[in-house]
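> First the structure, then my questions, so here it is.
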Amino acid sequence: MVELEGYVVVPLRTTPKAQHCHSIYMREHFIRLMDPNKPKGRTLFLLNVPPYVTEDSLRTVFGRAGSIEAVEFAAKPGKEETIKWYEGTGEPFSNTRPPFVFKVAYIVFEKNSSIGKALALKSIDLFNSSGECIVKTGMELWHEEYDCNYLLDAQKTKLQISKYMAGYDKRERAAAQAAKTGEADADGWVTVGKEGRNAGFEQKASVIGRLEEKVAKGNKTKELKNFYTFQIRESKMQNIVEMRKKFEEEKRKIGLLKQSRRFKPF
Amino acid sequence: MRFVQGNIMPGKLVGSPKGAARTGTQAIAHAGDHSDLDEPKPKIAKSDPPSTAIPKKNNFKQREGTKNVKPPTLEEMKELRDTQNLFHSNLFKLQVKEMLEELQLKQKYTDFIENWLESFTAFTRQLKDGLMERTHLEVPMKLSEKPTGFVFSKPTREPYLIGAAATGTLLGPKIVVDVALEMPKESLHKEDYLNLRYDQKRALYLTYVTERMMESPDYAEDQFNFNYYANNPLKPVLELIPVTKQVNKHLQVRLFITAPLSSFKPGRFVPWNNNIRPSFYGDEWDEKDPLPSTQHYNANVLFDLTLSENQAQLDKAFKSRRNFQDGLLLLKVWLRQRQLDIGYSGFGAHILAAFIVYLNTQRILHQSSSSYQVARTVWNQLANTDWTKGISLSVAPIQTEELNKFAEHYDVCFIDFTGQHNLCANIPLYLYQRVREEAKLAVELLNDMKLNSFPLIFMQKCPLYSRVDNILKISNYSCINQMLTLHSHPRIKYDFANYGYPQLLHLLTELLKKGLAERVHSILPLETATAAWPVEKKAPVIGKYIQLGLILQPEHAYQVLNKGPAANDDHEGAEEFRRFWGEKSNLRRFQDGSITEAVVWGTAQDSPAKKRLIVRQIVLHLLEHHLQLDSKEVQYIGGELDQVYQLSPWFKVNKLKTKLPLGQDTDAEALSPHVIRCYDELARQLHGLNDLPLEIVSISGVSPIFRYCEPQPVLPQALLVENRILASSIQRVVIQLGQSGKWPTELGALRALKTAFLIEIGEKLEAQCRLHWVMSADGLLVLKQGYCFLIELAHNKELALLKQEVTERGITTYIDNAASRSLERQHYILPKVSGALHSLHQTYSAFGSTVLLAKRWLATQLLDDGLWPDMATELLVAHLFQQRYAPQSIAAPQTGFIRFLQLLSHSDFNGELFLLNFNNSWQEQQIADLEHNYRSNRQSYPPLAVATSYDMQHAGRLWTSDQSPSQRVLGHVTRLARHALEIIETSLMSKDLRFVRPAQLFRASNEGYDLVIQFKPDLVPNSLSYDLGSPFVSFSQPNFSLPRAGSDYIARIVGLLRSAYSDFAAFFYNPHGGKELGIVWRPPTEFAAKPFKVTELQACSPCGNKKVQVLKETLLEDFKLLLKDFYLRIATPEELKREQREHQKPMRYFDANKAEEESKPKPKKHRQRKGTGKKALPKRKRLIKSSTLKVLK
């Protein structure tokens, strides 16, 4: 067993005779802050996972050490990193995929005892008993990708859409109903919706911006411009100051251009 | 009672803004009262002090603010006003000032020139009269008699500076100081005006002085060369390169020999006089006929005779007038950048100097004008005055009749101070017009306030060969002699003293002008200066070579018909027409009933590439018919590179099942209109669909083909097989729907509805229009007439939902992110830009084909969309066409491609933001703000920044990114472009009749790569583009099988490789059917051992001593895994080169495949359409040996 800085180092093999393998660094996952998705004592942490390693393949390999509850990836260790990794990928009818980069993995076992068995592995073998790689690559992968993910069967898709829209409509009706009742919660607060006698305005940045602008405008004192002599003098001086500033900026630009020999015509 | 008194005091204080003394007094009084109040009511006293202090603070602040602003001085006010009025902006003025500082001559050169002139003066003083004996030097002119016997007379006048050295306007980097030495009057006899005797004496005098100089110890170490001034064999000059540390060979002295104006009687060299007798060339001349005038020869002699007087006048005007000198310097830079001052026909800087004096004489230019005003006024006057009728600098006013008489003998007439010499005697009319057009453009650029015109006017190198559309080159010696002997008129022969070049220029210009008429805008001579030769060697014979540049008139150049006069109306005209055009002319009846002589050069249905060669056809025909020049004896450069976007000859068009009339010689440009017409019909059908829940507001084609920018030919060969569409390319279409309040407020639901809508469109297209369709994750694939379209839906609510974020305060905001930017670009901005580029192509028909050449070039350099975005190419070329780099727009795509290479070679990508102001919708202030933001936040912009007026808040960041192109790739492309330009320029300006072969430019170098991964040929369909070969392996059997629509597996795999491994390697492949992947490893530092860090462990293996490192062998195994089934083998470029040398024949894939795979190959699901094209001949050695790729490391 090779260890480095507290991690168990094992080769990742794609074929039985593989040479020049990647090295996977494993240890039991621990963190100061409690994360319910990565429970202490049952989570295995992997570093330097190649981009082509899939969730299924890790389940297959580490399933030998015990039943697996979940496998999750992230670009790097960190509490929010897993959420970032899967951002947008769960949306229906969208093409977003997780990044294809080297990553870290979290394997959550159902039992504590599986951690020790996993750490005892001498290698992570991504091939089956007949020596074939279980990670799909090549034409098989691309054909499957094309037939299953790129081309959509029209009828199946329509059914899928109907089902999804039914769920959406239900959620919308529930939200509308909740907005209409206006009952007080435990602390006595009442949510103000868009309907009813006491309807509130939409909480949009643009709407709020316009309201604030209106208030500011009302508070503004009405003042004549360029009426008094001192105002005229100040205005002229301001113009000159602005012109000077502009010229200074242009001189700075010339200085920048000068560095790149932009004034030698030949 | 006391309390009441206390209340009154604050009121008094507020109401008394008078003197400070009073305020002080009241304050004291107030204090006194305050002390009385302390005892009875302490609370009231506490509130007083704060209210008293506030007014004083405010007053103090105001005064402070005022003091910070310094009042402007009178000088500053004057400068501000001048800048505003003259320069439109301070920026231009500052740039001009900086350039003039760069151009100032260093003091050491000035000192050297003065010292040299002094020593030369002393040298001439000690020369003695003598008889020329046998000389070791070769007299640089053909002599009628032996040089021995020439009587040398000592010069009676001191040598003097002429030209730029005299006026103080020398221009580097190579400084040429012109010195004139005057022959004394005694050297010339009365009859020496005749038959080139003066010129021969001049040459002998020069040789004699040169020999004496070489004997002198003062010039023992200097280099002595002869050369022709302005490529004029009658004007040999001595070129002396002093060898001293002071000037280090940056300086050159040119010695001119002149003669006094009084050497011959006045009126001897007026233009209508004959000074070369026909008998001098052994010709007979009828005594009854008047002798032909020799105005050009006369002007040639007058150049010397008037030099002294003219120079004196110029000195008087320019001496100690810095503004005139700087103004002339500006004009000289402008002239040189455009190469308008080169050669026999060149518009020399001395003409501009004289013109400045002329304008000053005419009171148009004032003594106190600034250098900028000098340049601007000269440009204005050049553009608006006409010298063909003649202008004069003469002190004694010349009568109008005499001026007209003078002007009749020359194309352009500018009479000098003496009133005898035409300074523009050798300027052809077309070149003069060219100078005027450039001047007019300069004024327009200055007046455009949205533009920084300084780089365009002064910094942009604009060699003449890149401004012309076609080039004619004749360099065959015997052909030149034949033309001169058989076709040059004797009058022209005597006029130019039998110098071949101007005779050829005249002959060819007249012929082409008559034949091409309004098809050409200009016919310009392209010259290179003669190279100097050692004084001991024989002078070279020049003038047996000519090169003409043609600037086409796009509205007329490509007409397929030359129509002559009607046969019955104008019999003589028809006869003349038939005589001029020869057997090409035929009597034809036209649809309007007229019967005329006409020449047909093509058909209206010809492709644009064919029509662009009509001018070439005409020129070659005229040369053969009138001058008996065979087409293989001349070179006409017009569309040699257009081959690269032609259809591959190995693909047989007649096997296609289509009704469209397609020829085997079609190309990507000619095929685009078919796709566009099919799309137009599809759009009509979409608009016409019944019972759609929502109306279709707009339909836009966003693929490059809809703006004529698709470099690979798109043929109607897409088809349906087993409910799957097979297509080699997909054309993207974006539909925008009408407004509706019922769209979902959830992103997933909205996308679901969009998908349902697309399916409904597909079903209705099938039911109502009988079109096949398949739904895909990207959109609706529709098959129509052999083309495959991908339809996407755009709705602005989707964009809003993508941007939507809820802050902690519960406020909904809309913030850009990568997904929303990408969607906005694809669905809203790209349709507008696509439309704008389509319009640009309608305006400039060369735009699309220039983009085709540019894209083909980048693709063949193994730069795909992941390294260099295609859209960047289109926008840079559009920028080229939008900018006014030249008076005329580009008419030939080959020239456009050369300009594109120049743009890549010389642009300052760090300092320049490429702006495309479509529809002029950007205001001046918006442009200024954008450029200011660009300079202030340069780091937030990608290495190559392109912005269009439709980009809104994304300007500069939408079409390129930090990764595409990266700084490395941008530098790489720049070097590739410079190398390509070098090849083109060498080929264009040499006398060789072979232009660059497309393979020289459009095949990448095979140097600099670390590894090459070969793909299996049967899994990578060949492009339909003309195959120029691979840099790594020989030609192989082409594979024209149709892949599944939307499956571009190689591109996706390379994308994955870059995504995962770009920290360790760069990947290069040709997106146009390339079958190899080139790999360049990153620098070795990336593979060095480093300490263990949890966040920097990607691809690392332990290597002992608690360190980790990346191993290339491990990465290579990953590449194999990801490219499984696709790669044939992995090799180094050296191995491939060795194999190429050993086996000239192409490798047979079948044999190689056997060795690789033991199991049987999987059954192929695609139809194979293998062409029966010829196998390529063994390749010649590549001329390109570049190591530019190694710089990438």
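Order determines the names: the first chain of the structure tokens is A, the second B, and so forth; residues in each chain are numbered 1 upward, and ligands are numbered 1 upward as they are shown.
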Just need the residues of chain A within 6 Å of chain B, counting only C-alpha atoms, so spit them out as a list in words.
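Using only C-alpha atoms, chain A residues at most 6 Å from chain B: His20, Cys21, Ser23, Asn48, Glu91, Pro92, Phe100, Val101, Phe102, Thr137, Gly138, Tyr150, Leu151, Leu152, Ile161, Gln203, Lys204, Ala205, Glu250, Phe263 and Pro265 of chain A.
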> For A:His29, list every protein, DNA or RNA residue within 8 Å, evaluated using only C-alpha atoms, and leave out those in the same chain fewer than 6 positions away; present the list as JSON, numbers by chain.
{"A": [38, 40, 41, 43, 44, 45, 106]}
> For the residues selected in the previous step, produce a file with N, CA and C atoms as a compact mmCIF listing (two decimals), in the first residue's frame.

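What ended up in part-v7.txt:
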```txt
# COMPACT_ATOMS: atom_id res chain seq x y z
N LYS A 38 -22.63 14.09 2.49
CA LYS A 38 -21.35 13.38 2.61
C LYS A 38 -21.14 13.04 4.08
N LYS A 40 -20.14 11.59 7.68
CA LYS A 40 -18.86 11.20 8.24
C LYS A 40 -18.85 9.70 8.49
N GLY A 41 -17.69 9.10 8.21
CA GLY A 41 -17.54 7.69 8.46
C GLY A 41 -18.00 6.79 7.34
N THR A 43 -18.17 8.10 3.89
CA THR A 43 -17.86 8.74 2.60
C THR A 43 -16.39 8.57 2.26
N LEU A 44 -16.13 8.09 1.05
CA LEU A 44 -14.77 7.94 0.53
C LEU A 44 -14.48 9.10 -0.42
N PHE A 45 -13.32 9.68 -0.29
CA PHE A 45 -12.94 10.87 -1.08
C PHE A 45 -11.83 10.47 -2.06
N TYR A 106 -16.83 11.72 -4.57
CA TYR A 106 -17.27 11.32 -3.23
C TYR A 106 -18.14 10.08 -3.38
```
> Identify, on the basis of only C-alpha atoms, every residue whose closest approach to B:Ile618 does not exceed 12 Å; exclude the query and any residue fewer than 5 positions from it along the same chain; express the result as an MDAnalysis selection string.
chainID B and resid 511:517 519:520 557:562 580:582 584 599:602 611:613 623:626 631 636
> Have a look at B:Ala886, B:Leu305, B:Ala220, B:Leu682 and name the one nearest to B:Ile457; count only C-alpha atoms.
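Nearest candidate to B:Ile457 out of B:Ala886, B:Leu305, B:Ala220, B:Leu682: B:Ala886.
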> Residues of stretch 502-564 of chain B classed as alpha helix (DSSP H) by DSSP on the backbone are to be reported as a PyMOL selection string.
chain B and resi 502-516+554-557
> In Å, with one decimal, what is the gap from atom CA of B:Arg957 to atom CA of B:Val877?
17.9 Å
> Restricting the calculation to only C-alpha atoms: of B:Val946, B:Ile175, B:Leu875, B:Ala854, which residue gets closest to B:Phe897?
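Among B:Val946, B:Ile175, B:Leu875, B:Ala854, it is B:Ala854 that comes nearest to B:Phe897.
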> Quote the spacing between atom CA of B:Pro490 and atom CA of B:Gly390 in Å to one decimal place.
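Going from atom CA of B:Pro490 over to atom CA of B:Gly390, I get 26.2 Å.
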> Just give me the gap between atom CA of B:Asn273 and atom CA of B:Tyr198 in Å, one decimal is fine.
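Computing it gives 16.0 Å between the two atoms.
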> Hey, what's within 9 Å of B:Val395 if we count only C-alpha atoms and toss same-chain stuff fewer than 6 positions away? As an mmCIF file with N, CA, C and O atoms, in the first residue's frame, please?

```cif
data_model
loop_
_atom_site.group_PDB
_atom_site.id
_atom_site.type_symbol
_atom_site.label_atom_id
_atom_site.label_comp_id
_atom_site.auth_asym_id
_atom_site.auth_seq_id
_atom_site.Cartn_x
_atom_site.Cartn_y
_atom_site.Cartn_z
ATOM 1 N N PHE B 417 10.003 76.417 -61.955
ATOM 2 C CA PHE B 417 10.262 77.830 -61.727
ATOM 3 C C PHE B 417 10.798 78.522 -62.970
ATOM 4 O O PHE B 417 10.524 79.697 -63.204
ATOM 5 N N THR B 418 11.596 77.794 -63.764
ATOM 6 C CA THR B 418 12.204 78.423 -64.939
ATOM 7 C C THR B 418 11.216 78.571 -66.078
ATOM 8 O O THR B 418 11.503 79.255 -67.054
ATOM 9 N N GLY B 419 10.092 77.911 -65.988
ATOM 10 C CA GLY B 419 9.115 77.983 -67.051
ATOM 11 C C GLY B 419 9.431 77.106 -68.236
ATOM 12 O O GLY B 419 8.763 77.201 -69.270
#
```
> For the strand (DSSP E) assignment from backbone DSSP, which residues of stretch 727-850 of chain B qualify? Please present them as a PDB file with C-alpha atoms, in the first residue's frame.

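Saved result, part-v4.pdb, follows:
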```pdb
ATOM      1  CA  GLN B 731     -27.793  24.941 -42.022  1.00  0.00           C
ATOM      2  CA  ARG B 732     -29.117  26.638 -38.922  1.00  0.00           C
ATOM      3  CA  VAL B 733     -32.293  28.683 -38.954  1.00  0.00           C
ATOM      4  CA  VAL B 734     -33.700  30.712 -36.057  1.00  0.00           C
ATOM      5  CA  ILE B 735     -37.438  31.378 -35.750  1.00  0.00           C
ATOM      6  CA  GLN B 736     -38.812  34.110 -33.515  1.00  0.00           C
ATOM      7  CA  LEU B 737     -42.374  33.725 -32.292  1.00  0.00           C
ATOM      8  CA  HIS B 772     -39.250  14.874 -43.844  1.00  0.00           C
ATOM      9  CA  TRP B 773     -38.188  15.888 -40.360  1.00  0.00           C
ATOM     10  CA  VAL B 774     -36.472  14.511 -37.285  1.00  0.00           C
ATOM     11  CA  MET B 775     -36.434  16.033 -33.824  1.00  0.00           C
ATOM     12  CA  SER B 776     -33.034  16.481 -32.186  1.00  0.00           C
ATOM     13  CA  LEU B 780     -35.865  20.439 -35.601  1.00  0.00           C
ATOM     14  CA  LEU B 781     -33.980  18.830 -38.500  1.00  0.00           C
ATOM     15  CA  VAL B 782     -35.807  19.314 -41.793  1.00  0.00           C
ATOM     16  CA  LEU B 783     -34.864  17.706 -45.100  1.00  0.00           C
ATOM     17  CA  LYS B 784     -35.686  19.688 -48.224  1.00  0.00           C
ATOM     18  CA  TYR B 787     -30.382  20.131 -47.969  1.00  0.00           C
ATOM     19  CA  CYS B 788     -30.676  19.727 -44.221  1.00  0.00           C
ATOM     20  CA  PHE B 789     -31.895  22.620 -42.077  1.00  0.00           C
ATOM     21  CA  LEU B 790     -31.884  22.818 -38.290  1.00  0.00           C
ATOM     22  CA  ILE B 791     -34.675  25.003 -36.950  1.00  0.00           C
ATOM     23  CA  GLU B 792     -34.398  26.588 -33.517  1.00  0.00           C
ATOM     24  CA  LEU B 793     -36.927  28.685 -31.623  1.00  0.00           C
ATOM     25  CA  ALA B 794     -36.008  31.983 -30.027  1.00  0.00           C
ATOM     26  CA  GLN B 804     -33.035  35.838 -13.470  1.00  0.00           C
ATOM     27  CA  GLU B 805     -31.580  35.904  -9.984  1.00  0.00           C
ATOM     28  CA  VAL B 806     -33.173  36.665  -6.631  1.00  0.00           C
ATOM     29  CA  THR B 812     -35.516  39.909  -8.788  1.00  0.00           C
ATOM     30  CA  THR B 813     -32.618  41.075 -10.948  1.00  0.00           C
ATOM     31  CA  TYR B 814     -31.455  40.116 -14.427  1.00  0.00           C
TER      32      TYR B 814
END
```
> So that I can check the surroundings of stretch 641-652 of chain B, please list as a PyMOL selection string every protein, DNA and RNA residue that reaches within 9 Å of it, counting only C-alpha atoms and ignoring chain neighbours fewer than 2 positions away.
chain B and resi 609+638-639+654-656+664-669+711-713+849+852-853+856-857+893-894+996-999+1002+1023-1028+1038+1040+1169-1174
> Tell me which of B:Asn360, B:Arg376, B:Pro428, B:Ile398 sits closest to B:Phe347, counting only C-alpha atoms.
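Using only C-alpha atoms, the shortest distance to B:Phe347 belongs to B:Pro428.
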> Determine the nearest neighbour of B:Ile725 from the options B:Leu314, B:Lys288, B:Ile351, B:Gly786, counting only C-alpha atoms.
B:Gly786
> Extract, using only C-alpha atoms, all DNA, RNA and protein residues at most 10 Å from stretch 62-64 of chain A, discarding same-chain residues fewer than 5 positions from it, and format them as a ChimeraX atom specification.
/A:44,57,69,107,109,114-115,117-119,121,124-125
> Do you know which residues are at most 12 Å from A:Thr54 counting only C-alpha atoms, after dropping those on the same chain fewer than 3 positions away, and could you put them as an NGL selection string?
:A and (49-51 or 57-61 or 71-73 or 98 or 100-105 or 126 or 134-137)
> Please produce an output containing C-alpha atoms for each residue in the selection, written as a PDB file, in the first residue's frame.

```pdb
ATOM      1  CA  VAL A  49     -10.266  11.298 -11.192  1.00  0.00           C
ATOM      2  CA  PRO A  50      -9.867  11.388 -15.000  1.00  0.00           C
ATOM      3  CA  PRO A  51     -12.645  13.102 -16.936  1.00  0.00           C
ATOM      4  CA  SER A  57     -18.102   2.845 -13.533  1.00  0.00           C
ATOM      5  CA  LEU A  58     -17.224   3.940 -10.003  1.00  0.00           C
ATOM      6  CA  ARG A  59     -20.332   2.206  -8.688  1.00  0.00           C
ATOM      7  CA  THR A  60     -19.247  -0.964 -10.420  1.00  0.00           C
ATOM      8  CA  VAL A  61     -15.701  -0.864  -9.087  1.00  0.00           C
ATOM      9  CA  VAL A  71     -21.571   8.855  -6.066  1.00  0.00           C
ATOM     10  CA  GLU A  72     -20.954  12.550  -6.624  1.00  0.00           C
ATOM     11  CA  PHE A  73     -18.328  14.590  -8.475  1.00  0.00           C
ATOM     12  CA  PRO A  98     -20.929  18.522 -16.476  1.00  0.00           C
ATOM     13  CA  PHE A 100     -15.113  17.272 -19.010  1.00  0.00           C
ATOM     14  CA  VAL A 101     -12.110  17.858 -16.741  1.00  0.00           C
ATOM     15  CA  PHE A 102     -10.132  16.072 -14.058  1.00  0.00           C
ATOM     16  CA  LYS A 103     -12.324  15.964 -10.991  1.00  0.00           C
ATOM     17  CA  VAL A 104     -12.744  14.733  -7.432  1.00  0.00           C
ATOM     18  CA  ALA A 105     -15.284  12.113  -6.379  1.00  0.00           C
ATOM     19  CA  LEU A 126     -12.187  -0.189 -14.993  1.00  0.00           C
ATOM     20  CA  ILE A 134     -16.368  -0.696 -18.773  1.00  0.00           C
ATOM     21  CA  VAL A 135     -16.063   2.987 -19.617  1.00  0.00           C
ATOM     22  CA  LYS A 136     -17.754   3.540 -22.939  1.00  0.00           C
ATOM     23  CA  THR A 137     -15.578   5.238 -25.529  1.00  0.00           C
TER      24      THR A 137
END
```
